[in-house]
$ cat final.cif   # mmCIF, C-alpha atoms
data_structure
loop_
_atom_site.label_atom_id
_atom_site.label_comp_id
_atom_site.auth_asym_id
_atom_site.auth_seq_id
_atom_site.Cartn_x
_atom_site.Cartn_y
_atom_site.Cartn_z
CA MET S 1325 11.63 -54.56 13.45
CA SER S 1326 10.30 -53.36 10.12
CA ASN S 1327 6.86 -51.92 9.59
CA LEU S 1328 5.78 -55.20 8.05
CA ASN S 1329 7.08 -57.16 11.00
CA VAL S 1330 5.17 -55.03 13.44
CA GLN S 1331 1.91 -55.79 11.71
CA GLN S 1332 2.72 -59.47 11.46
CA LEU S 1333 3.73 -59.60 15.10
CA ALA S 1334 0.56 -57.78 16.10
CA LEU S 1335 -1.43 -60.61 14.55
CA GLU S 1336 0.86 -63.30 15.87
CA TYR S 1337 0.80 -61.97 19.41
CA ASP S 1338 -2.82 -60.91 19.52
CA ASN S 1339 -3.73 -63.77 21.82
CA ALA S 1340 -0.41 -63.91 23.63
CA SER S 1341 -0.13 -63.28 27.35
CA PRO S 1342 1.11 -59.91 28.62
CA ARG S 1343 4.32 -61.59 29.72
CA LYS S 1344 5.00 -62.98 26.24
CA ILE S 1345 4.39 -59.56 24.72
CA LEU S 1346 6.68 -57.94 27.26
CA GLU S 1347 9.35 -60.53 26.54
CA LEU S 1348 9.11 -59.72 22.85
CA ALA S 1349 9.43 -56.01 23.59
CA LEU S 1350 12.19 -56.14 26.17
CA GLU S 1351 14.29 -58.75 24.42
CA ASN S 1352 14.20 -57.09 21.00
CA ILE S 1353 14.39 -53.38 21.74
CA ASP S 1354 17.08 -52.05 24.02
CA ASN S 1355 16.00 -48.43 23.98
CA ILE S 1356 12.51 -49.02 25.34
CA ALA S 1357 10.64 -47.75 28.40
CA ILE S 1358 7.42 -48.37 30.27
CA SER S 1359 5.01 -45.48 30.63
CA PHE S 1360 3.65 -45.58 34.19
CA SER S 1361 0.56 -43.49 34.86
CA GLY S 1362 0.40 -44.05 38.58
CA ALA S 1363 -2.54 -46.41 38.32
CA GLU S 1364 -3.06 -50.12 37.70
CA ASP S 1365 -0.57 -50.16 34.85
CA VAL S 1366 1.88 -50.96 37.65
CA VAL S 1367 1.15 -54.53 36.58
CA LEU S 1368 3.42 -53.89 33.60
CA ILE S 1369 6.30 -53.03 35.88
CA ASP S 1370 5.69 -56.11 37.99
CA ILE S 1371 5.71 -58.46 35.01
CA ALA S 1372 8.53 -56.66 33.21
CA ARG S 1373 10.78 -56.96 36.25
CA LYS S 1374 10.41 -60.72 35.99
CA VAL S 1375 11.63 -60.54 32.39
CA ARG S 1376 14.44 -58.03 32.75
CA LYS S 1377 15.82 -56.34 35.85
CA ASP S 1378 17.09 -53.19 34.15
CA ILE S 1379 13.73 -51.90 32.91
CA LYS S 1380 13.32 -48.20 32.20
CA VAL S 1381 10.21 -46.50 33.51
CA PHE S 1382 8.98 -42.97 33.01
CA SER S 1383 6.04 -41.04 34.32
CA LEU S 1384 4.48 -37.70 33.54
CA ASP S 1385 4.15 -35.29 36.45
CA THR S 1386 1.66 -32.75 35.20
CA GLY S 1387 1.94 -30.81 38.44
CA ARG S 1388 -1.73 -31.48 39.11
CA LEU S 1389 -1.72 -35.08 40.31
CA HIS S 1390 -3.35 -36.25 43.54
CA PRO S 1391 -1.04 -36.42 46.59
CA GLU S 1392 -1.91 -40.13 46.72
CA THR S 1393 -0.48 -40.59 43.24
CA TYR S 1394 2.82 -38.97 44.16
CA GLN S 1395 3.00 -41.16 47.26
CA TYR S 1396 2.18 -44.16 45.14
CA MET S 1397 4.91 -43.42 42.60
CA GLU S 1398 7.39 -43.25 45.42
CA ALA S 1399 6.08 -46.53 46.86
CA VAL S 1400 6.49 -48.21 43.47
CA ARG S 1401 10.00 -46.84 43.08
CA LYS S 1402 11.02 -48.29 46.44
CA HIS S 1403 9.10 -51.55 46.12
CA TYR S 1404 10.78 -52.51 42.86
CA GLY S 1405 14.07 -50.73 43.44
CA ILE S 1406 13.78 -48.93 40.12
CA ASP S 1407 14.40 -45.44 38.89
CA ILE S 1408 11.34 -43.63 37.59
CA GLU S 1409 12.16 -40.83 35.21
CA VAL S 1410 9.61 -38.15 36.02
CA MET S 1411 8.93 -35.85 33.10
CA THR S 1412 7.68 -32.36 33.92
CA PRO S 1413 6.13 -29.67 31.70
CA ASP S 1414 8.30 -27.22 29.81
CA GLN S 1415 8.25 -24.06 31.93
CA GLU S 1416 8.52 -21.88 28.84
CA LEU S 1417 5.13 -23.20 27.77
CA LEU S 1418 3.53 -23.72 31.15
CA GLN S 1419 4.13 -20.34 32.75
CA PRO S 1420 2.65 -18.19 29.96
CA PHE S 1421 -0.26 -20.63 29.69
CA VAL S 1422 -1.09 -20.37 33.40
CA LYS S 1423 -0.55 -16.62 33.37
CA GLU S 1424 -2.93 -16.15 30.50
CA LYS S 1425 -5.54 -18.80 31.23
CA GLY S 1426 -5.27 -19.43 34.96
CA LEU S 1427 -5.23 -22.75 36.74
CA PHE S 1428 -8.64 -24.06 35.80
CA SER S 1429 -9.08 -23.06 32.17
CA PHE S 1430 -10.06 -26.63 31.26
CA PHE S 1431 -13.46 -26.16 32.89
CA GLU S 1432 -14.14 -23.29 30.51
CA ASP S 1433 -12.52 -24.19 27.23
CA GLY S 1434 -11.82 -27.90 27.48
CA HIS S 1435 -8.93 -30.03 28.66
CA GLN S 1436 -7.06 -30.14 25.37
CA GLU S 1437 -4.81 -27.12 25.77
CA CYS S 1438 -3.87 -27.94 29.34
CA CYS S 1439 -3.19 -31.59 28.44
CA GLY S 1440 -1.12 -30.38 25.50
CA VAL S 1441 1.18 -28.38 27.75
CA ARG S 1442 1.23 -30.63 30.80
CA LYS S 1443 1.12 -34.08 29.21
CA ILE S 1444 1.70 -34.15 25.49
CA GLU S 1445 4.81 -31.99 25.33
CA PRO S 1446 6.71 -33.92 28.03
CA LEU S 1447 5.55 -37.21 26.53
CA LYS S 1448 6.63 -36.11 23.08
CA ARG S 1449 10.00 -35.02 24.42
CA LYS S 1450 10.56 -38.37 26.10
CA LEU S 1451 9.32 -40.55 23.25
CA ALA S 1452 11.52 -38.76 20.74
CA THR S 1453 14.48 -40.39 22.54
CA LEU S 1454 13.10 -43.94 22.45
CA ASP S 1455 12.73 -46.74 19.91
CA GLY S 1456 9.86 -48.36 21.76
CA TRP S 1457 7.44 -47.73 24.59
CA ILE S 1458 5.05 -49.82 26.61
CA THR S 1459 1.63 -48.68 27.81
CA GLY S 1460 -1.14 -50.13 29.95
CA GLN S 1461 -3.89 -49.41 27.43
CA ARG S 1462 -6.68 -51.96 27.39
CA LYS S 1463 -9.50 -52.56 24.97
CA ASP S 1464 -12.06 -52.60 27.76
CA GLN S 1465 -11.22 -49.10 29.00
CA SER S 1466 -13.32 -47.21 26.49
CA PRO S 1467 -15.03 -47.61 23.12
CA THR S 1468 -12.20 -45.66 21.46
CA ARG S 1469 -9.79 -48.35 22.59
CA SER S 1470 -11.69 -51.34 21.34
CA ASN S 1471 -9.19 -51.71 18.50
CA VAL S 1472 -5.99 -51.24 20.47
CA PRO S 1473 -3.51 -53.76 19.03
CA VAL S 1474 -0.91 -55.42 21.22
CA ILE S 1475 1.85 -53.94 19.04
CA GLN S 1476 1.71 -50.97 16.69
CA ASN S 1477 3.82 -48.40 14.91
CA ASP S 1478 3.51 -45.10 16.69
CA HIS S 1479 3.43 -42.53 13.91
CA THR S 1480 2.36 -39.71 16.22
CA PHE S 1481 5.32 -39.63 18.59
CA SER S 1482 8.25 -41.02 16.64
CA GLY S 1483 11.31 -38.78 16.68
CA PRO S 1484 12.77 -37.24 13.52
CA GLY S 1485 14.13 -39.95 11.25
CA LYS S 1486 13.14 -42.67 13.71
CA GLU S 1487 10.55 -45.37 14.02
CA LEU S 1488 8.78 -45.84 17.32
CA ILE S 1489 7.02 -49.05 18.29
CA LYS S 1490 4.31 -49.07 20.90
CA PHE S 1491 3.46 -52.17 22.89
CA ASN S 1492 0.14 -52.57 24.70
CA PRO S 1493 0.63 -55.88 26.53
CA LEU S 1494 -2.56 -55.52 28.60
CA SER S 1495 -4.69 -54.79 25.55
CA ASN S 1496 -6.72 -57.97 25.83
CA TRP S 1497 -6.92 -58.08 29.60
CA THR S 1498 -10.02 -56.95 31.42
CA SER S 1499 -10.04 -54.78 34.49
CA GLU S 1500 -10.92 -57.90 36.46
CA GLN S 1501 -7.84 -59.73 35.21
CA VAL S 1502 -5.63 -56.79 36.10
CA TRP S 1503 -7.01 -56.67 39.63
CA ASP S 1504 -6.81 -60.45 40.02
CA TYR S 1505 -3.12 -60.12 39.18
CA ILE S 1506 -2.63 -57.24 41.62
CA ARG S 1507 -4.22 -59.24 44.45
CA MET S 1508 -2.53 -62.52 43.59
CA PHE S 1509 0.98 -61.08 43.48
CA ASP S 1510 0.46 -58.47 46.18
CA VAL S 1511 1.31 -55.64 43.82
CA PRO S 1512 1.20 -52.14 45.35
CA TYR S 1513 -1.70 -50.04 44.11
CA ASN S 1514 -2.83 -46.43 44.26
CA LYS S 1515 -4.97 -45.82 47.36
CA LEU S 1516 -7.35 -43.73 45.26
CA HIS S 1517 -8.73 -47.01 43.92
CA GLU S 1518 -10.13 -47.66 47.40
CA GLN S 1519 -12.09 -44.43 47.13
CA GLY S 1520 -13.88 -45.39 43.92
CA TYR S 1521 -11.43 -43.97 41.40
CA THR S 1522 -10.86 -46.23 38.42
CA SER S 1523 -9.16 -44.07 35.80
CA ILE S 1524 -6.67 -41.89 37.64
CA GLY S 1525 -5.30 -38.69 36.18
CA CYS S 1526 -4.95 -35.09 37.27
CA GLN S 1527 -6.77 -34.18 40.48
CA PRO S 1528 -9.13 -31.55 39.05
CA CYS S 1529 -10.06 -33.73 36.07
CA THR S 1530 -10.66 -37.06 37.79
CA ARG S 1531 -13.52 -38.17 40.01
CA PRO S 1532 -14.70 -41.46 41.44
CA VAL S 1533 -17.35 -43.35 39.52
CA LEU S 1534 -20.43 -45.09 40.84
CA PRO S 1535 -20.98 -48.84 40.58
CA ASN S 1536 -21.60 -49.87 36.96
CA GLN S 1537 -20.55 -46.48 35.61
CA HIS S 1538 -17.92 -46.76 32.92
CA GLU S 1539 -14.48 -45.77 34.13
CA ARG S 1540 -14.22 -43.12 31.45
CA GLU S 1541 -17.11 -41.28 33.10
CA GLY S 1542 -14.72 -40.29 35.81
CA ARG S 1543 -12.64 -38.18 33.44
CA TRP S 1544 -13.46 -34.77 31.91
CA TRP S 1545 -17.10 -35.37 32.76
CA TRP S 1546 -18.07 -31.77 32.04
CA GLU S 1547 -17.23 -32.19 28.38
CA GLU S 1548 -19.44 -33.87 25.85
CA ALA S 1549 -18.03 -36.92 24.15
CA THR S 1550 -16.81 -35.87 20.74
CA HIS S 1551 -17.27 -37.88 17.62
CA LYS S 1552 -13.90 -38.73 16.13
CA GLU S 1553 -14.82 -38.38 12.53
CA CYS S 1554 -11.37 -38.93 11.09
CA GLY S 1555 -10.90 -42.51 12.17
CA LEU S 1556 -9.96 -44.98 9.44
CA HIS S 1557 -11.47 -48.19 10.75
CA ALA S 1558 -13.40 -50.78 8.85
CA ALA S 1559 -16.12 -50.30 11.49
CA ASN S 1560 -16.63 -46.77 10.18
CA ILE S 1561 -17.45 -48.12 6.78
CA ASP S 1562 -19.84 -50.77 7.97
CA SER S 1563 -21.76 -48.46 10.25
CA LYS S 1564 -22.25 -45.81 7.64
CA LYS S 1565 -23.30 -47.90 4.69
CA MET D 1218 11.67 -38.16 -2.03
CA LYS D 1219 8.05 -38.75 -2.90
CA ILE D 1220 5.18 -37.46 -0.77
CA THR D 1221 1.67 -38.87 -0.86
CA PHE D 1222 -1.17 -37.15 0.98
CA VAL D 1223 -4.10 -39.30 2.04
CA ARG D 1224 -7.39 -37.63 2.86
CA LYS D 1225 -10.71 -39.13 3.80
CA VAL D 1226 -14.09 -38.76 2.15
CA LYS D 1227 -16.95 -39.58 4.47
CA ALA D 1228 -19.81 -41.97 3.73
CA ASP D 1229 -22.06 -39.07 2.75
CA GLY D 1230 -19.55 -37.94 0.12
CA THR D 1231 -18.30 -34.91 2.00
CA ASP D 1232 -14.68 -34.29 2.89
CA CYS D 1233 -13.46 -35.05 6.38
CA GLN D 1234 -13.25 -31.64 8.03
CA LYS D 1235 -9.80 -32.20 9.46
CA CYS D 1236 -8.45 -33.24 6.07
CA GLN D 1237 -9.90 -30.11 4.54
CA ASP D 1238 -8.39 -27.98 7.31
CA VAL D 1239 -4.96 -29.43 6.57
CA ILE D 1240 -5.37 -28.80 2.83
CA ASP D 1241 -6.42 -25.21 3.58
CA GLN D 1242 -3.40 -24.70 5.81
CA MET D 1243 -1.08 -26.15 3.19
CA ALA D 1244 -2.57 -23.93 0.53
CA LYS D 1245 -2.24 -20.89 2.77
CA HIS D 1246 1.46 -21.60 3.36
CA ASP D 1247 2.17 -22.59 -0.26
CA GLN D 1248 3.03 -26.15 0.73
CA LEU D 1249 0.81 -28.06 -1.67
CA LYS D 1250 3.56 -27.86 -4.27
CA HIS D 1251 5.56 -30.36 -2.19
CA LEU D 1252 2.95 -33.10 -2.54
CA ASP D 1253 3.49 -35.59 -5.34
CA ARG D 1254 0.19 -37.42 -5.03
CA PHE D 1255 -3.26 -36.93 -3.52
CA VAL D 1256 -5.01 -40.14 -2.56
CA THR D 1257 -8.49 -40.64 -1.14
CA ALA D 1258 -9.71 -43.01 1.53
CA ASP D 1259 -13.35 -43.11 0.54
CA GLU D 1260 -15.71 -44.54 3.13
CA ARG D 1261 -18.04 -45.58 0.32
CA ASP D 1262 -15.29 -47.80 -1.07
CA GLU D 1263 -13.22 -49.81 1.37
CA THR D 1264 -10.90 -50.82 -1.49
CA SER D 1265 -10.05 -47.20 -2.33
CA GLU D 1266 -6.33 -46.53 -2.46
CA GLY D 1267 -6.33 -44.46 0.70
CA PHE D 1268 -7.81 -47.29 2.72
CA MET D 1269 -5.33 -49.70 1.20
CA LEU D 1270 -2.46 -47.41 2.20
CA ALA D 1271 -3.91 -47.00 5.69
CA ALA D 1272 -4.02 -50.78 6.05
CA LYS D 1273 -0.56 -51.22 4.59
CA TYR D 1274 1.00 -48.72 6.95
CA ASN D 1275 -1.20 -49.46 9.93
CA VAL D 1276 -2.65 -45.95 10.13
CA THR D 1277 -5.98 -45.34 11.83
CA ARG D 1278 -6.47 -41.59 11.37
CA ALA D 1279 -6.83 -39.25 8.45
CA PRO D 1280 -5.28 -37.29 6.99
CA PHE D 1281 -1.78 -38.71 6.80
CA PHE D 1282 1.34 -38.35 4.71
CA VAL D 1283 3.46 -41.15 3.28
CA VAL D 1284 7.02 -39.97 2.70
CA GLU D 1285 9.07 -42.34 0.57
CA TYR D 1286 12.80 -41.71 0.51
CA ASP D 1287 15.22 -42.43 -2.30
CA ASP D 1288 16.90 -45.21 -0.33
CA GLY D 1289 13.64 -47.16 -0.29
CA SER D 1290 12.69 -46.31 3.28
CA HIS D 1291 9.52 -44.50 4.21
CA LYS D 1292 7.98 -42.63 7.11
CA ILE D 1293 4.35 -41.99 7.96
CA TYR D 1294 3.19 -38.66 9.37
CA THR D 1295 -0.20 -38.37 11.03
CA VAL D 1296 0.53 -34.95 12.53
CA TYR D 1297 0.53 -32.18 9.97
CA LEU D 1298 2.86 -29.80 11.81
CA LYS D 1299 5.28 -32.62 12.57
CA PHE D 1300 5.41 -33.25 8.83
CA VAL D 1301 5.95 -29.55 8.19
CA LYS D 1302 8.80 -29.38 10.69
CA GLU D 1303 10.59 -32.61 9.85
CA VAL D 1304 10.00 -33.02 6.13
CA LEU D 1305 9.44 -29.52 4.80
CA GLU D 1306 11.89 -28.21 7.40
CA GLU D 1307 9.79 -25.16 8.14
CA GLN D 1308 9.40 -23.45 11.51
CA THR D 1309 6.30 -24.39 13.50
CA ASP D 1310 4.68 -22.95 16.57
CA LYS D 1311 5.30 -25.32 19.47
CA LYS D 1312 1.88 -24.84 21.03
CA ALA D 1313 0.11 -25.30 17.72
CA GLU D 1314 2.10 -28.47 17.15
CA LEU D 1315 0.97 -29.84 20.51
CA GLN D 1316 -2.62 -29.09 19.64
CA ASP D 1317 -2.16 -30.78 16.29
CA THR D 1318 -0.66 -33.82 18.00
CA LEU D 1319 -3.61 -34.03 20.37
CA ASN D 1320 -6.08 -33.77 17.53
CA SER D 1321 -4.38 -36.56 15.65
CA MET D 1322 -4.39 -39.00 18.54
CA SER D 1323 -6.85 -41.82 18.16
CA GLU D 1324 -6.91 -42.64 21.86
CA ASP D 1325 -7.84 -40.72 24.94
CA LEU D 1326 -5.18 -39.28 27.15
CA ASP D 1327 -5.84 -41.09 30.36
CA PHE D 1328 -3.42 -43.93 29.83
CA ILE D 1329 -0.40 -41.73 30.39
#

$ encode --input "final.cif" --output "structure tokens"
Amino acid sequence: MSNLNVQQLALEYDNASPRKILELALENIDNIAISFSGAEDVVLIDIARKVRKDIKVFSLDTGRLHPETYQYMEAVRKHYGIDIEVMTPDQELLQPFVKEKGLFSFFEDGHQECCGVRKIEPLKRKLATLDGWITGQRKDQSPTRSNVPVIQNDHTFSGPGKELIKFNPLSNWTSEQVWDYIRMFDVPYNKLHEQGYTSIGCQPCTRPVLPNQHEREGRWWWEEATHKECGLHAANIDSKK
Amino acid sequence: MKITFVRKVKADGTDCQKCQDVIDQMAKHDQLKHLDRFVTADERDETSEGFMLAAKYNVTRAPFFVVEYDDGSHKIYTVYLKFVKEVLEEQTDKKAELQDTLNSMSEDLDFI
């Protein structure tokens, strides 16, 4: 798929169902994998298995996940009979980081450095080997995702000399649609959802939210929302004129 | 190979801080000489060349580099240190590169 095709397909598939988008991804790119966060993006695995049996799935084990999430990953692995490639942090980066900053540095100087070592590096390492990846990102998850296309070129994580295409099949689904699907097809889910967790990440950085609170309020709540001033969206222009 | 650097100018006419930081870093490491063109995405003009390039290449963050190769292919870099490592073939600090990657991401991290 060329760059031009990706943009055309993004328009063409903007109103397509998650299954159609997954079919496009799985039937056109062999070296592609689903990123499974241990939350409701399990829906991707469920649908993808109906398209292709030999799907590849990877997950990031930051070392700080809830016990329920580890149990859930194992349940998913057994339920679908799939291998889940679990990526772990590079010890050469992690050990000096923990030695210098301790285990809870994110409460003092923000989550960025810890996420860099525990999430970004393993993700980067994995994505450098792929031609495509599939995420559970949805537009309704946060204001910063309101423009998430169903297909995009991933310029951030492409490997040297390679193009990487990112598929977001659930982009247009709401949380309600995801949960309707989970209930309808009896899809296994993370037990933390029963305790009020919506967005599930590392144990120290995730908390349940109250009714009507946005799911993003359950993550890194001690930090102020930062204004992303470098975005290049038409909305930026309109709002600042 | 031809390298175009796209920076953003905000609606109030000031430079995007991150773009300026990258320019400062490139100047400090004598890398500006590798750039063939400087292009601006000016928020006061949605038809400015930088915005057109962003639309063409489906880029949502500034700054970014467009690297056009002699065989007609191209590659977009939204992470400065990734560009330094892969295109300029210079050594980079792994931790700094991770930080740079994080800063260039347009989404939050909780989907992975």

$ resolve_selection --input "final.cif" --expression "the PyMOL selection byres ((chain S and resi 1405) around 12)" --output "short mmCIF file (atom, residue, chain, number, x, y, z; two decimals) with C-alpha atoms, keeping the file's coordinate frame"
data_model
loop_
_atom_site.label_atom_id
_atom_site.label_comp_id
_atom_site.auth_asym_id
_atom_site.auth_seq_id
_atom_site.Cartn_x
_atom_site.Cartn_y
_atom_site.Cartn_z
CA ILE S 1369 6.30 -53.03 35.88
CA ASP S 1370 5.69 -56.11 37.99
CA ARG S 1373 10.78 -56.96 36.25
CA LYS S 1377 15.82 -56.34 35.85
CA ASP S 1378 17.09 -53.19 34.15
CA ILE S 1379 13.73 -51.90 32.91
CA LYS S 1380 13.32 -48.20 32.20
CA VAL S 1381 10.21 -46.50 33.51
CA MET S 1397 4.91 -43.42 42.60
CA GLU S 1398 7.39 -43.25 45.42
CA ALA S 1399 6.08 -46.53 46.86
CA VAL S 1400 6.49 -48.21 43.47
CA ARG S 1401 10.00 -46.84 43.08
CA LYS S 1402 11.02 -48.29 46.44
CA HIS S 1403 9.10 -51.55 46.12
CA TYR S 1404 10.78 -52.51 42.86
CA ILE S 1406 13.78 -48.93 40.12
CA ASP S 1407 14.40 -45.44 38.89
CA ILE S 1408 11.34 -43.63 37.59
#

$ resolve_selection --input "final.cif" --expression "the PyMOL selection byres ((chain S and resi 1519-1526) around 8)" --output "VMD selection string"
(chain S and resid 1361 to 1363 1386 1388 to 1390 1515 to 1518 1527 to 1534 1539 to 1540 1542 to 1543) or (chain D and resid 1327)

$ closest_residue --input "final.cif" --among "S:Ile1444, S:Ile1358, S:Leu1348, S:Val1366" --to "chain D" --atoms "only C-alpha atoms"
S:Ile1444

$ resolve_selection --input "final.cif" --expression "the PyMOL selection byres ((chain D and resi 1224) around 9)" --output "tab-separated table (two decimals) with C-alpha atoms, keeping the file's coordinate frame"
chain	number	residue	atom	x	y	z
D	1222	PHE	CA	-1.17	-37.15	0.98
D	1223	VAL	CA	-4.10	-39.30	2.04
D	1225	LYS	CA	-10.71	-39.13	3.80
D	1226	VAL	CA	-14.09	-38.76	2.15
D	1232	ASP	CA	-14.68	-34.29	2.89
D	1233	CYS	CA	-13.46	-35.05	6.38
D	1235	LYS	CA	-9.80	-32.20	9.46
D	1236	CYS	CA	-8.45	-33.24	6.07
D	1237	GLN	CA	-9.90	-30.11	4.54
D	1255	PHE	CA	-3.26	-36.93	-3.52
D	1256	VAL	CA	-5.01	-40.14	-2.56
D	1257	THR	CA	-8.49	-40.64	-1.14
D	1258	ALA	CA	-9.71	-43.01	1.53
D	1259	ASP	CA	-13.35	-43.11	0.54
D	1267	GLY	CA	-6.33	-44.46	0.70
D	1279	ALA	CA	-6.83	-39.25	8.45
D	1280	PRO	CA	-5.28	-37.29	6.99
D	1281	PHE	CA	-1.78	-38.71	6.80
D	1282	PHE	CA	1.34	-38.35	4.71

$ interface_residues --input "final.cif" --of "chain D" --to "chain S" --cutoff "7 Å" --atoms "all atoms listed in the file" --output "ChimeraX atom specification"
/D:1228,1233,1260-1261,1277-1279,1293-1296,1303,1315-1316,1318-1319,1324,1327-1329

$ atom_distance --input "final.cif" --atom1 "CA of Asp1241 in chain D" --atom2 "CA of Lys1312 in chain D"
19.3 Å

$ residues_around --input "final.cif" --residues "Pro1342 in chain S" --least-positions-apart "3" --cutoff "9 Å" --atoms "all atoms listed in the file" --output "list in words"
Ile1345, Leu1346, Glu1347, Leu1368, Ile1371, Val1474, Asn1492, Pro1493, Leu1494, Ser1495, Asn1496 and Trp1497 of chain S

$ atom_distance --input "final.cif" --atom1 "CA of Asn1275 in chain D" --atom2 "CA of Gly1456 in chain S"
16.2 Å

$ closest_residue --input "final.cif" --among "D:Gln1248, D:Asn1320, D:Gln1242, D:Thr1264" --to "Ile1220 in chain D" --atoms "all atoms listed in the file"
D:Gln1248

$ atom_distance --input "final.cif" --atom1 "CA of Trp1544 in chain S" --atom2 "CA of Gly1434 in chain S"
8.3 Å

$ decode --input "final.cif" --residues "range 1468-1516 of chain S" --atoms "C-alpha atoms" --output "PDB file, in the first residue's frame"
ATOM      1  CA  THR S1468      -6.916  14.059  21.584  1.00  0.00           C
ATOM      2  CA  ARG S1469      -8.324  11.072  19.724  1.00  0.00           C
ATOM      3  CA  SER S1470     -11.242  12.775  18.080  1.00  0.00           C
ATOM      4  CA  ASN S1471      -9.380  12.694  14.763  1.00  0.00           C
ATOM      5  CA  VAL S1472      -8.125   9.123  14.884  1.00  0.00           C
ATOM      6  CA  PRO S1473      -8.492   7.775  11.335  1.00  0.00           C
ATOM      7  CA  VAL S1474      -9.325   4.138  10.684  1.00  0.00           C
ATOM      8  CA  ILE S1475      -6.069   3.759   8.732  1.00  0.00           C
ATOM      9  CA  GLN S1476      -2.939   5.889   8.852  1.00  0.00           C
ATOM     10  CA  ASN S1477       0.752   5.920   8.089  1.00  0.00           C
ATOM     11  CA  ASP S1478       2.683   5.572  11.306  1.00  0.00           C
ATOM     12  CA  HIS S1479       5.660   7.866  10.874  1.00  0.00           C
ATOM     13  CA  THR S1480       6.653   7.652  14.529  1.00  0.00           C
ATOM     14  CA  PHE S1481       7.347   3.938  14.823  1.00  0.00           C
ATOM     15  CA  SER S1482       8.280   2.785  11.344  1.00  0.00           C
ATOM     16  CA  GLY S1483      11.553   0.873  11.196  1.00  0.00           C
ATOM     17  CA  PRO S1484      14.563   2.096   9.214  1.00  0.00           C
ATOM     18  CA  GLY S1485      13.784   2.091   5.507  1.00  0.00           C
ATOM     19  CA  LYS S1486      10.279   0.763   6.133  1.00  0.00           C
ATOM     20  CA  GLU S1487       6.744   2.024   6.040  1.00  0.00           C
ATOM     21  CA  LEU S1488       4.399   1.120   8.861  1.00  0.00           C
ATOM     22  CA  ILE S1489       0.630   1.240   8.546  1.00  0.00           C
ATOM     23  CA  LYS S1490      -1.558   1.567  11.589  1.00  0.00           C
ATOM     24  CA  PHE S1491      -5.149   0.380  11.610  1.00  0.00           C
ATOM     25  CA  ASN S1492      -7.674   1.598  14.175  1.00  0.00           C
ATOM     26  CA  PRO S1493     -10.737  -0.515  13.351  1.00  0.00           C
ATOM     27  CA  LEU S1494     -12.672   0.576  16.450  1.00  0.00           C
ATOM     28  CA  SER S1495     -12.079   4.255  15.773  1.00  0.00           C
ATOM     29  CA  ASN S1496     -15.728   5.032  15.130  1.00  0.00           C
ATOM     30  CA  TRP S1497     -17.183   2.728  17.739  1.00  0.00           C
ATOM     31  CA  THR S1498     -18.366   4.049  21.063  1.00  0.00           C
ATOM     32  CA  SER S1499     -17.639   2.450  24.396  1.00  0.00           C
ATOM     33  CA  GLU S1500     -21.255   1.287  24.407  1.00  0.00           C
ATOM     34  CA  GLN S1501     -20.834  -0.509  21.091  1.00  0.00           C
ATOM     35  CA  VAL S1502     -17.688  -2.217  22.315  1.00  0.00           C
ATOM     36  CA  TRP S1503     -19.443  -3.447  25.438  1.00  0.00           C
ATOM     37  CA  ASP S1504     -22.535  -4.510  23.501  1.00  0.00           C
ATOM     38  CA  TYR S1505     -20.220  -6.650  21.388  1.00  0.00           C
ATOM     39  CA  ILE S1506     -18.466  -8.097  24.443  1.00  0.00           C
ATOM     40  CA  ARG S1507     -21.800  -9.090  26.003  1.00  0.00           C
ATOM     41  CA  MET S1508     -23.353 -10.352  22.787  1.00  0.00           C
ATOM     42  CA  PHE S1509     -20.462 -12.637  21.881  1.00  0.00           C
ATOM     43  CA  ASP S1510     -19.504 -13.550  25.434  1.00  0.00           C
ATOM     44  CA  VAL S1511     -16.015 -12.171  25.008  1.00  0.00           C
ATOM     45  CA  PRO S1512     -13.744 -12.465  28.069  1.00  0.00           C
ATOM     46  CA  TYR S1513     -13.016  -9.155  29.746  1.00  0.00           C
ATOM     47  CA  ASN S1514     -10.685  -7.790  32.397  1.00  0.00           C
ATOM     48  CA  LYS S1515     -12.258  -8.096  35.852  1.00  0.00           C
ATOM     49  CA  LEU S1516     -11.005  -4.610  36.698  1.00  0.00           C
TER      50      LEU S1516
END
